[in-house]
Amino acid sequence: MHFVIHRDQFVHSVNHVAKAVSSRTTIPILTGIKIVATEEGVTLTGSDSDVSIETFIPVEEDDKQYVDVKETGSIVLQARFFSEIVKKLPEQEIEVIVQGAFAATLRSGSSVFNLNGLDPDEYPRLPQLEEDRIFRIPQDMFKNIIRQTVFAVSTQETRPILTGVNVDIDGNELICTATDSHRLALRKAAVERNDENLQFSNVVIPGKSLNELSKILEDTDELMDVVVTENQILFKLKNLLFFSRLLDGKYPDTKNMIPTESKTSFNMKTKLFLQTLERALLLSREGKNNVINLKTLEDGLIEITSITPEIGKVTENIQSLGMEGEELRISFNGKNIIDALKVIDSEEIRIMFTGAMSPFVICPTDHDNSMHLFSPVRTY
C-alpha cells in the first residue's frame with residue numbers, strides 16, 4: 001500500500017474514527033485503526049464493538065484532490081500512537097507506505113515514522129444492515145436533541161436500559177426520551193420517512209454512543225439518514241458512517257408518568273430561575289446536599305431556600321410571571337433542575353405542580369417540542 005494524502009483531511013478523519021477506539025477492549029486488534037486504500041480513496045475504521053465509525057476520504061471531491069493512491073492495500077495501526085503522530089506531522093502532505101510483514105512508514109517533510117502494524121484481515125467486519133427502516137433528520141437538529149436529552153440518562157449500571165435514550169417514531173414525529181427514574185427529559189421533532197407506514201418503539205441508543213455522535217455532527221441543516229435494525233442503529237453522513245449497538249430490554253412506559261393537570265403553576269424567566277438555583281446551591285458542600293425548598297408566597301412571589309446544616313442557609317425571593325392555583329411547598333434536587341434549565345433554549349418556562357409529593361413538569365412556553373419531569377425529594 002502506498003498513498004499521499006492531504007494532512008488536514010487525514011487528521012479530521014483520524015480524529016473521528018479514534019472516538020470509537022477503546023484502550024480497554026479485550027480484543028487486541030480493536031486498539032487499532034484500520035486503513036484501506038482503493039482506487040476511489042482511503043477508508044478509515046475504528047471500533048470498540050459497541051460503536052464503530054468509518055470515514056472515507058475520496059481521491060477528489062468538488063474539484064479538489066485529497067489523495068494520490070499509488071498502490072492499493074490495507075493495514076491496522078495502533079490508534080494511540082498513529083493519531084498523535086498524524087496530528088503533529090509538519091507538512092501539508094503525508095505519505096503512507098506499507099511493506100511486507102505490516103511495516104508502515106509515515107513521511108511528512110523531513111519527519112519519518114516507522115510503525116509496526118497488524119493484519120487487517122483479522123479486523124472484525126462492520127455490520128451489513130438491511131436498510132428498510134430509515135428516516136432522515138437534519139444534523140443540527142439531532143445534535144440539539146442529544147444535548148437536550150442525554151444529560152438525563154442514568155449513570156448507574158443497575159438498570160442498563162436507563163443508560164440510553166429511547167427513540168420512538170409515531171407518524172412523522174420522532175420522540176426521544178431519557179430518564180434515570182428521578183428525572184425525565186423528552187424531546188420531539190419532525191422527520192422525513194421513506195415509508196409512510198414506518199413506525200417503531202423501544203429503540204434504545206446508549207448515552208455514550210450519542211455523546212460521541214454529538215462530537216461528530218456538524219451545525220448544518222444537511223439531512224442525515226438513520227437506519228434502524230433489531231440490534232443496531234446507523235447514522236449515515238457525507239463520507240462517514242456511525243454504527244452503534246442498541247441496548248437490550250424493555251424501556252419503561254413513560255407516557256403514564258406525565259401529569260395532565262396541575263394544582264399549582266407559574267411562569268418564570270428561564271435565566272432568572274437558573275441563576276437563583278445556582279446561588280441556592282453555593283453552600284452545598286461537594287454537591288452532596290442538592291436539596292432546594294420552594295414555597296409560593298402572595299403576589300406571585302416564590303421563596304427559594306437551601307440549608308446546609310454545618311455551613312448555613314440561603315434564602316431568595318423571586319417574582320414569577322403570574323401564578324395560578326393552590327399554595328405550595330415542595331423540595332427537589334436542585335442540580336437536576338439546573339441541568340434541565342441549561343438545555344432549554346426558550347426565554348420563558350412554565351412549571352406545573354400536582355402536589356408536594358407528586359412529580360412536576362417544566363416546559364418552554366413558546367413551543368411544545370420538549371418537556372422535563374422531576375420527582376420531588378421527601379425532606380421529613
# chains A, B, ... in the order shown; residues from 1 in each chain; ligands from 1
$ residues_around --residues "Ala185 of chain A" --least-positions-apart "2" --cutoff "6 Å" --atoms "only C-alpha atoms" --output "MDAnalysis selection string"
chainID A and resid 149 177:178 372
$ closest_atom_pairs --of "segment 188-246 of chain A" --to "segment 9-20 of chain A" --cutoff "10 Å" --atoms "only C-alpha atoms" --output "tab-separated table"
residue	atom	partner	partner_atom	distance
A:Ser209	CA	A:Ala20	CA	8.8
A:Glu212	CA	A:Lys19	CA	6.7
A:Leu213	CA	A:Lys19	CA	9.0
A:Lys215	CA	A:His16	CA	8.5
A:Ile216	CA	A:His16	CA	6.7
A:Asn239	CA	A:Ser13	CA	9.6
A:Leu240	CA	A:Ser13	CA	8.8
A:Leu241	CA	A:Val17	CA	9.7
A:Phe242	CA	A:Val17	CA	9.1
A:Phe243	CA	A:Ala20	CA	9.7
A:Ser244	CA	A:Ala20	CA	9.8
$ write_last_selection --atoms "N, CA and C atoms" --output "CSV table (one decimal), in the first residue's frame"
chain,number,residue,atom,x,y,z
A,209,SER,N,-22.8,6.4,23.2
A,209,SER,CA,-22.8,6.5,21.8
A,209,SER,C,-23.3,7.8,21.3
A,212,GLU,N,-20.7,10.6,21.7
A,212,GLU,CA,-19.6,10.5,20.7
A,212,GLU,C,-20.2,11.0,19.3
A,213,LEU,N,-21.4,10.6,19.0
A,213,LEU,CA,-22.0,11.1,17.7
A,213,LEU,C,-22.2,12.6,17.7
A,215,LYS,N,-20.3,14.8,19.0
A,215,LYS,CA,-19.0,15.5,18.7
A,215,LYS,C,-18.7,15.5,17.2
A,216,ILE,N,-19.3,14.6,16.4
A,216,ILE,CA,-19.1,14.4,15.0
A,216,ILE,C,-20.1,15.2,14.2
A,239,ASN,N,-19.7,10.9,3.7
A,239,ASN,CA,-18.4,10.3,3.8
A,239,ASN,C,-18.1,9.7,5.2
A,240,LEU,N,-19.2,9.5,6.0
A,240,LEU,CA,-19.0,9.0,7.4
A,240,LEU,C,-20.1,8.1,7.7
A,241,LEU,N,-19.8,6.9,8.3
A,241,LEU,CA,-20.8,6.0,8.8
A,241,LEU,C,-20.6,5.9,10.3
A,242,PHE,N,-21.7,6.0,11.1
A,242,PHE,CA,-21.6,5.8,12.6
A,242,PHE,C,-22.5,4.7,13.0
A,243,PHE,N,-22.0,3.6,13.4
A,243,PHE,CA,-22.8,2.4,13.9
A,243,PHE,C,-22.8,2.4,15.4
A,244,SER,N,-23.9,2.1,16.0
A,244,SER,CA,-24.0,1.8,17.4
A,244,SER,C,-24.9,0.6,17.7
$ select_by_dssp --residues "segment 118-200 of chain A" --states "alpha helix (DSSP H)" --output "PyMOL selection string"
chain A and resi 139-149
$ residues_around --residues "Asp299 of chain A" --least-positions-apart "3" --cutoff "12 Å" --atoms "only C-alpha atoms" --output "PDB file with C-alpha atoms, in the first residue's frame"
ATOM      1  CA  PHE A 266     -46.476  29.638  37.322  1.00  0.00           C
ATOM      2  CA  THR A 296     -45.229  30.064  46.949  1.00  0.00           C
ATOM      3  CA  ILE A 302     -41.580  32.386  45.027  1.00  0.00           C
ATOM      4  CA  GLU A 303     -39.311  31.721  48.016  1.00  0.00           C
ATOM      5  CA  ASN A 317     -37.442  35.582  46.743  1.00  0.00           C
ATOM      6  CA  ILE A 318     -38.075  35.774  43.012  1.00  0.00           C
ATOM      7  CA  GLN A 319     -41.015  37.164  41.081  1.00  0.00           C
ATOM      8  CA  SER A 320     -42.944  34.760  38.861  1.00  0.00           C
ATOM      9  CA  LEU A 321     -44.779  35.858  35.716  1.00  0.00           C
ATOM     10  CA  GLY A 322     -48.231  35.087  37.025  1.00  0.00           C
ATOM     11  CA  MET A 323     -49.254  32.230  39.304  1.00  0.00           C
ATOM     12  CA  GLU A 324     -52.354  30.042  39.419  1.00  0.00           C
ATOM     13  CA  GLU A 327     -50.289  27.398  47.859  1.00  0.00           C
TER      14      GLU A 327
END
$ atom_distance --atom1 "atom CA of Phe3 of chain A" --atom2 "atom CA of Glu71 of chain A"
6.6 Å
$ closest_residue --among "A:Leu210, A:Asn293, A:His182, A:Lys238" --to "Ser375 of chain A" --atoms "only C-alpha atoms"
A:His182
$ select_by_dssp --residues "segment 116-280 of chain A" --states "strand (DSSP E)" --output "VMD selection string"
chain A and resid 116 134 to 138 164 to 170 173 to 179 183 to 190 192 to 193 200 to 206 223 to 228 232 to 237 240 to 245 264 to 269
$ write_last_selection --atoms "C-alpha atoms" --output "PDB file, in the first residue's frame"
ATOM      1  CA  ASN A 116       4.569  -1.907  13.262  1.00  0.00           C
ATOM      2  CA  ILE A 134     -34.932   4.516   7.567  1.00  0.00           C
ATOM      3  CA  PHE A 135     -35.702   8.138   8.407  1.00  0.00           C
ATOM      4  CA  ARG A 136     -33.990  11.474   7.754  1.00  0.00           C
ATOM      5  CA  ILE A 137     -33.273  14.351  10.088  1.00  0.00           C
ATOM      6  CA  PRO A 138     -31.067  17.475   9.865  1.00  0.00           C
ATOM      7  CA  GLY A 164     -29.721   5.001  26.926  1.00  0.00           C
ATOM      8  CA  VAL A 165     -32.125   7.352  25.142  1.00  0.00           C
ATOM      9  CA  ASN A 166     -35.352   5.758  23.935  1.00  0.00           C
ATOM     10  CA  VAL A 167     -36.348   6.642  20.356  1.00  0.00           C
ATOM     11  CA  ASP A 168     -39.883   6.184  19.001  1.00  0.00           C
ATOM     12  CA  ILE A 169     -41.357   7.162  15.652  1.00  0.00           C
ATOM     13  CA  ASP A 170     -45.065   7.884  15.569  1.00  0.00           C
ATOM     14  CA  GLU A 173     -42.739  12.607  14.698  1.00  0.00           C
ATOM     15  CA  LEU A 174     -39.562  11.427  16.392  1.00  0.00           C
ATOM     16  CA  ILE A 175     -39.924  11.191  20.191  1.00  0.00           C
ATOM     17  CA  CYS A 176     -36.742  10.895  22.265  1.00  0.00           C
ATOM     18  CA  THR A 177     -36.930  10.151  25.992  1.00  0.00           C
ATOM     19  CA  ALA A 178     -34.251   9.869  28.675  1.00  0.00           C
ATOM     20  CA  THR A 179     -34.771   9.115  32.364  1.00  0.00           C
ATOM     21  CA  ARG A 183     -35.961  12.994  36.217  1.00  0.00           C
ATOM     22  CA  LEU A 184     -37.121  12.684  32.627  1.00  0.00           C
ATOM     23  CA  ALA A 185     -36.279  14.696  29.510  1.00  0.00           C
ATOM     24  CA  LEU A 186     -38.472  14.415  26.416  1.00  0.00           C
ATOM     25  CA  ARG A 187     -37.867  15.986  23.006  1.00  0.00           C
ATOM     26  CA  LYS A 188     -39.968  15.742  19.828  1.00  0.00           C
ATOM     27  CA  ALA A 189     -39.022  16.609  16.247  1.00  0.00           C
ATOM     28  CA  ALA A 190     -40.437  16.196  12.745  1.00  0.00           C
ATOM     29  CA  GLU A 192     -38.804  12.546   6.870  1.00  0.00           C
ATOM     30  CA  ARG A 193     -39.666   8.891   6.198  1.00  0.00           C
ATOM     31  CA  PHE A 200     -41.075   1.800  15.779  1.00  0.00           C
ATOM     32  CA  SER A 201     -40.671   1.994  19.519  1.00  0.00           C
ATOM     33  CA  ASN A 202     -38.296   0.722  22.212  1.00  0.00           C
ATOM     34  CA  VAL A 203     -35.175   1.599  20.188  1.00  0.00           C
ATOM     35  CA  VAL A 204     -32.720   2.497  22.957  1.00  0.00           C
ATOM     36  CA  ILE A 205     -29.398   4.104  21.957  1.00  0.00           C
ATOM     37  CA  PRO A 206     -26.627   4.081  24.607  1.00  0.00           C
ATOM     38  CA  LEU A 223     -30.041  15.754   6.231  1.00  0.00           C
ATOM     39  CA  MET A 224     -28.536  12.514   7.505  1.00  0.00           C
ATOM     40  CA  ASP A 225     -30.037   9.065   7.052  1.00  0.00           C
ATOM     41  CA  VAL A 226     -30.766   6.987  10.162  1.00  0.00           C
ATOM     42  CA  VAL A 227     -31.120   3.223   9.650  1.00  0.00           C
ATOM     43  CA  VAL A 228     -32.686   1.142  12.445  1.00  0.00           C
ATOM     44  CA  GLN A 232     -28.005  -1.771  15.574  1.00  0.00           C
ATOM     45  CA  ILE A 233     -28.543   1.815  14.507  1.00  0.00           C
ATOM     46  CA  LEU A 234     -26.584   3.504  11.708  1.00  0.00           C
ATOM     47  CA  PHE A 235     -26.190   7.255  11.132  1.00  0.00           C
ATOM     48  CA  LYS A 236     -25.121   7.998   7.546  1.00  0.00           C
ATOM     49  CA  LEU A 237     -23.398  11.327   6.991  1.00  0.00           C
ATOM     50  CA  LEU A 240     -18.962   8.962   7.360  1.00  0.00           C
ATOM     51  CA  LEU A 241     -20.846   6.015   8.849  1.00  0.00           C
ATOM     52  CA  PHE A 242     -21.555   5.809  12.595  1.00  0.00           C
ATOM     53  CA  PHE A 243     -22.789   2.434  13.888  1.00  0.00           C
ATOM     54  CA  SER A 244     -23.977   1.814  17.434  1.00  0.00           C
ATOM     55  CA  ARG A 245     -25.415  -1.265  19.050  1.00  0.00           C
ATOM     56  CA  THR A 264     -50.305  24.980  41.121  1.00  0.00           C
ATOM     57  CA  SER A 265     -48.490  26.546  38.175  1.00  0.00           C
ATOM     58  CA  PHE A 266     -46.476  29.638  37.322  1.00  0.00           C
ATOM     59  CA  ASN A 267     -44.347  31.047  34.513  1.00  0.00           C
ATOM     60  CA  MET A 268     -40.774  32.160  35.084  1.00  0.00           C
ATOM     61  CA  LYS A 269     -37.863  33.673  33.160  1.00  0.00           C
TER      62      LYS A 269
END
$ closest_atom_pairs --of "segment 117-168 of chain A" --to "segment 78-98 of chain A" --cutoff "12 Å" --atoms "only C-alpha atoms" --output "Markdown table"
| residue | atom | partner | partner_atom | distance |
| --- | --- | --- | --- | --- |
| A:Gly117 | CA | A:Gln78 | CA | 7.1 |
| A:Leu118 | CA | A:Gln78 | CA | 8.3 |
| A:Asp119 | CA | A:Gln78 | CA | 11.6 |
| A:Pro120 | CA | A:Gln78 | CA | 11.9 |
$ closest_residue --among "A:Ile27, A:Leu247, A:Leu274, A:Ile349" --to "His367 of chain A" --atoms "only C-alpha atoms"
A:Ile349
$ residues_around --residues "Ala340 of chain A" --least-positions-apart "2" --cutoff "8 Å" --atoms "only C-alpha atoms" --output "list in words"
Gln148, Ala185, Asn336, Ile337, Ile338, Lys342, Val343, Ile344 and His372 of chain A
